[in-house]
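I have placed the structure first, in the form of structure tokens, so that the comments after it can refer back to it.
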Amino acid sequence: MELRTLLEKKGFYRIPLKKLNSTHYLVRAKIHGKDARLILDTGASTTCIDIKRALHFDIIHEKSNVMAAGAGSIGMETEFSHKNDLQIGSWVDRNIALVLFDLSHINIALSEAEEDPVDGILGADFLKKHRAVIDYGRNCFYLKDKTH
């Protein structure tokens with residue numbers, strides 16, 4: 001049985017991914033109803049949004065004592081946000097937690113690969129919570145369907 005058929009029978013929702021020149025996978029989503037470009041990153045422990053995009057997405061956030069590290073940067077101040085709406089295709093979750101911090105270093109790297117900037121990262125916390133299955137061969141991933 002094909003992976004897609006098996007997962008869809010088990011209530012998973014298929015989401016296409018776009019492979020970027022940087023070899024990252026791009027997910028097109030909506031945050032509070034506004035278009036967002038997110039990188040799928042299994043190595044990122046948390047789902048993050050660029051702090052400079054918080055106002056655009058109407059994200060209410062508060063200071064955090066946690067410092068962020070990753071992708072060549074360490075000791076970055078973070079903010080935190082609860083209960084955010086995230087939509088990917090027709091799949092929706094209205095209770096997404098987000099960490100906000102400056103993602104300039106990621107967007108600079110993407111620019112060097114001749115890619116447009118991203119708004120954030122879908123991290124391992126999100127992928128685990130929604131039982132994600134990544135199909136690298138078909139450039140897609142699956143999330144447990146929240147509409148059923």
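Residues are named by chain letter and number: chains run A, B, ... in the order of the structure tokens, numbers start at 1 in each chain, and ligands are numbered from 1 in the order shown.
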List every residue of region 44-138 of chain A that DSSP, applied to the backbone of this structure, assigns to strand (DSSP E or B), and report them as a PyMOL selection string.
-> chain A and resi 48-50+62-70+73-88+91-101+120-122+133-135
Find the residue from A:Ile134, A:Phe141, A:Leu110, A:Gly89 that sits nearest to Ala29 (chain A); use only C-alpha atoms when measuring.
-> A:Gly89
Report as a tab-separated table: every residue of region 3-64 of chain A with an atom at most 12 Å from region 112-124 of chain A, its closest pair of atoms, and their distance in Å to one decimal, counting only C-alpha atoms, with rows sorted by chain and ascending residue number.
residue	atom	partner	partner_atom	distance
A:Lys18	CA	A:Glu115	CA	11.7
A:Lys19	CA	A:Glu115	CA	10.7
A:Leu20	CA	A:Glu115	CA	7.1
A:Asn21	CA	A:Ala113	CA	5.9
A:Ser22	CA	A:Ala113	CA	5.6
A:Thr23	CA	A:Ala113	CA	9.3
A:His24	CA	A:Glu115	CA	10.3
A:Tyr25	CA	A:Ile121	CA	10.1
A:Leu26	CA	A:Val118	CA	8.5
A:Val27	CA	A:Leu122	CA	8.4
A:Arg28	CA	A:Val118	CA	9.9
A:Ala29	CA	A:Asp119	CA	10.1
A:Lys30	CA	A:Asp119	CA	10.6
A:Ile31	CA	A:Asp119	CA	10.0
A:Lys34	CA	A:Asp119	CA	11.1
A:Asp35	CA	A:Asp119	CA	9.4
A:Ala36	CA	A:Asp119	CA	6.0
A:Arg37	CA	A:Val118	CA	5.0
A:Leu38	CA	A:Gly120	CA	4.8
A:Ile39	CA	A:Ile121	CA	4.7
A:Leu40	CA	A:Leu122	CA	4.9
A:Asp41	CA	A:Gly123	CA	5.3
A:Thr42	CA	A:Ala124	CA	5.1
A:Gly43	CA	A:Ala124	CA	6.7
A:Ala44	CA	A:Gly123	CA	4.8
A:Ser45	CA	A:Ala124	CA	5.0
A:Thr46	CA	A:Gly123	CA	4.7
A:Thr47	CA	A:Gly123	CA	4.3
A:Cys48	CA	A:Ile121	CA	5.1
A:Ile49	CA	A:Gly120	CA	4.1
A:Asp50	CA	A:Asp119	CA	5.6
A:Ile51	CA	A:Asp119	CA	9.0
A:Lys52	CA	A:Asp119	CA	8.8
A:Arg53	CA	A:Asp119	CA	6.7
A:Ala54	CA	A:Asp119	CA	9.3
A:Leu55	CA	A:Asp119	CA	11.9
A:His56	CA	A:Asp119	CA	10.1
A:Phe57	CA	A:Asp119	CA	9.7
Okay, now the selection with N, CA and C atoms, as a tab-separated table (two decimals), in the first residue's frame?
chain	number	residue	atom	x	y	z
A	18	LYS	N	7.69	22.89	-0.85
A	18	LYS	CA	8.51	23.40	-1.94
A	18	LYS	C	9.96	23.36	-1.47
A	19	LYS	N	10.81	22.67	-2.23
A	19	LYS	CA	12.22	22.62	-1.89
A	19	LYS	C	12.91	23.88	-2.41
A	20	LEU	N	13.57	24.60	-1.52
A	20	LEU	CA	14.24	25.85	-1.87
A	20	LEU	C	15.67	25.58	-2.34
A	21	ASN	N	16.28	26.59	-2.96
A	21	ASN	CA	17.68	26.49	-3.38
A	21	ASN	C	18.60	26.19	-2.21
A	22	SER	N	18.19	26.62	-1.02
A	22	SER	CA	18.99	26.40	0.19
A	22	SER	C	18.84	24.96	0.71
A	23	THR	N	18.01	24.17	0.07
A	23	THR	CA	17.63	22.79	0.42
A	23	THR	C	16.62	22.72	1.56
A	24	HIS	N	16.19	23.85	2.08
A	24	HIS	CA	15.11	23.86	3.07
A	24	HIS	C	13.79	23.55	2.37
A	25	TYR	N	12.81	23.12	3.16
A	25	TYR	CA	11.46	22.94	2.64
A	25	TYR	C	10.58	24.09	3.11
A	26	LEU	N	9.84	24.67	2.18
A	26	LEU	CA	8.95	25.79	2.46
A	26	LEU	C	7.52	25.29	2.61
A	27	VAL	N	6.84	25.78	3.65
A	27	VAL	CA	5.43	25.50	3.87
A	27	VAL	C	4.69	26.82	3.75
A	28	ARG	N	3.67	26.84	2.92
A	28	ARG	CA	2.81	28.03	2.83
A	28	ARG	C	1.67	27.84	3.82
A	29	ALA	N	1.46	28.85	4.65
A	29	ALA	CA	0.48	28.76	5.73
A	29	ALA	C	-0.21	30.09	5.91
A	30	LYS	N	-1.11	30.14	6.87
A	30	LYS	CA	-1.73	31.40	7.30
A	30	LYS	C	-1.63	31.46	8.82
A	31	ILE	N	-1.26	32.63	9.31
A	31	ILE	CA	-1.23	32.89	10.75
A	31	ILE	C	-2.26	33.99	10.98
A	34	LYS	N	-3.46	35.51	7.77
A	34	LYS	CA	-2.55	36.21	6.87
A	34	LYS	C	-1.48	35.25	6.35
A	35	ASP	N	-1.19	35.35	5.05
A	35	ASP	CA	-0.22	34.46	4.41
A	35	ASP	C	1.13	34.48	5.11
A	36	ALA	N	1.69	33.27	5.28
A	36	ALA	CA	2.99	33.14	5.92
A	36	ALA	C	3.84	32.13	5.16
A	37	ARG	N	5.12	32.39	5.13
A	37	ARG	CA	6.11	31.47	4.55
A	37	ARG	C	6.93	30.91	5.71
A	38	LEU	N	6.87	29.60	5.88
A	38	LEU	CA	7.54	28.95	6.99
A	38	LEU	C	8.48	27.86	6.49
A	39	ILE	N	9.62	27.72	7.13
A	39	ILE	CA	10.52	26.61	6.83
A	39	ILE	C	10.16	25.45	7.73
A	40	LEU	N	10.13	24.26	7.18
A	40	LEU	CA	9.95	23.04	7.96
A	40	LEU	C	11.34	22.64	8.46
A	41	ASP	N	11.52	22.59	9.77
A	41	ASP	CA	12.86	22.32	10.33
A	41	ASP	C	12.76	21.35	11.50
A	42	THR	N	13.06	20.09	11.24
A	42	THR	CA	13.01	19.06	12.29
A	42	THR	C	14.08	19.30	13.35
A	43	GLY	N	15.11	20.07	13.03
A	43	GLY	CA	16.18	20.35	13.98
A	43	GLY	C	15.90	21.53	14.90
A	44	ALA	N	14.85	22.29	14.60
A	44	ALA	CA	14.46	23.42	15.46
A	44	ALA	C	13.54	22.87	16.54
A	45	SER	N	13.87	23.10	17.79
A	45	SER	CA	13.07	22.53	18.87
A	45	SER	C	11.70	23.18	18.99
A	46	THR	N	11.58	24.45	18.61
A	46	THR	CA	10.31	25.15	18.75
A	46	THR	C	9.89	25.83	17.44
A	47	THR	N	8.61	26.09	17.34
A	47	THR	CA	8.06	26.81	16.21
A	47	THR	C	8.25	28.30	16.48
A	48	CYS	N	8.83	28.99	15.52
A	48	CYS	CA	9.26	30.38	15.73
A	48	CYS	C	8.72	31.29	14.63
A	49	ILE	N	8.53	32.54	15.01
A	49	ILE	CA	8.15	33.59	14.06
A	49	ILE	C	9.14	34.74	14.24
A	50	ASP	N	9.50	35.37	13.14
A	50	ASP	CA	10.38	36.53	13.19
A	50	ASP	C	9.68	37.63	13.99
A	51	ILE	N	10.32	38.12	15.02
A	51	ILE	CA	9.74	39.15	15.90
A	51	ILE	C	9.31	40.37	15.09
A	52	LYS	N	10.00	40.65	13.98
A	52	LYS	CA	9.65	41.81	13.15
A	52	LYS	C	8.33	41.61	12.40
A	53	ARG	N	7.80	40.38	12.40
A	53	ARG	CA	6.55	40.08	11.70
A	53	ARG	C	5.37	39.95	12.68
A	54	ALA	N	5.61	40.11	13.96
A	54	ALA	CA	4.55	39.94	14.97
A	54	ALA	C	3.38	40.88	14.73
A	55	LEU	N	3.64	42.14	14.48
A	55	LEU	CA	2.58	43.11	14.26
A	55	LEU	C	1.77	42.76	13.00
A	56	HIS	N	2.47	42.37	11.95
A	56	HIS	CA	1.81	41.99	10.69
A	56	HIS	C	0.80	40.85	10.92
A	57	PHE	N	1.18	39.88	11.75
A	57	PHE	CA	0.32	38.71	12.00
A	57	PHE	C	-0.61	38.90	13.20
Exercise: Glu2 (chain A) partners within 12 Å, only C-alpha atoms, chain neighbours under 4 positions left out, as a list in words =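 Everything that qualifies: Leu6, Leu7, Glu8, Lys9, Asp135 and Arg138 of chain A.
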Between A:Leu86, A:Ile108, A:Leu127, A:Ile59, which has the minimum distance to Tyr142 (chain A) (counting only C-alpha atoms)?
-> A:Leu127
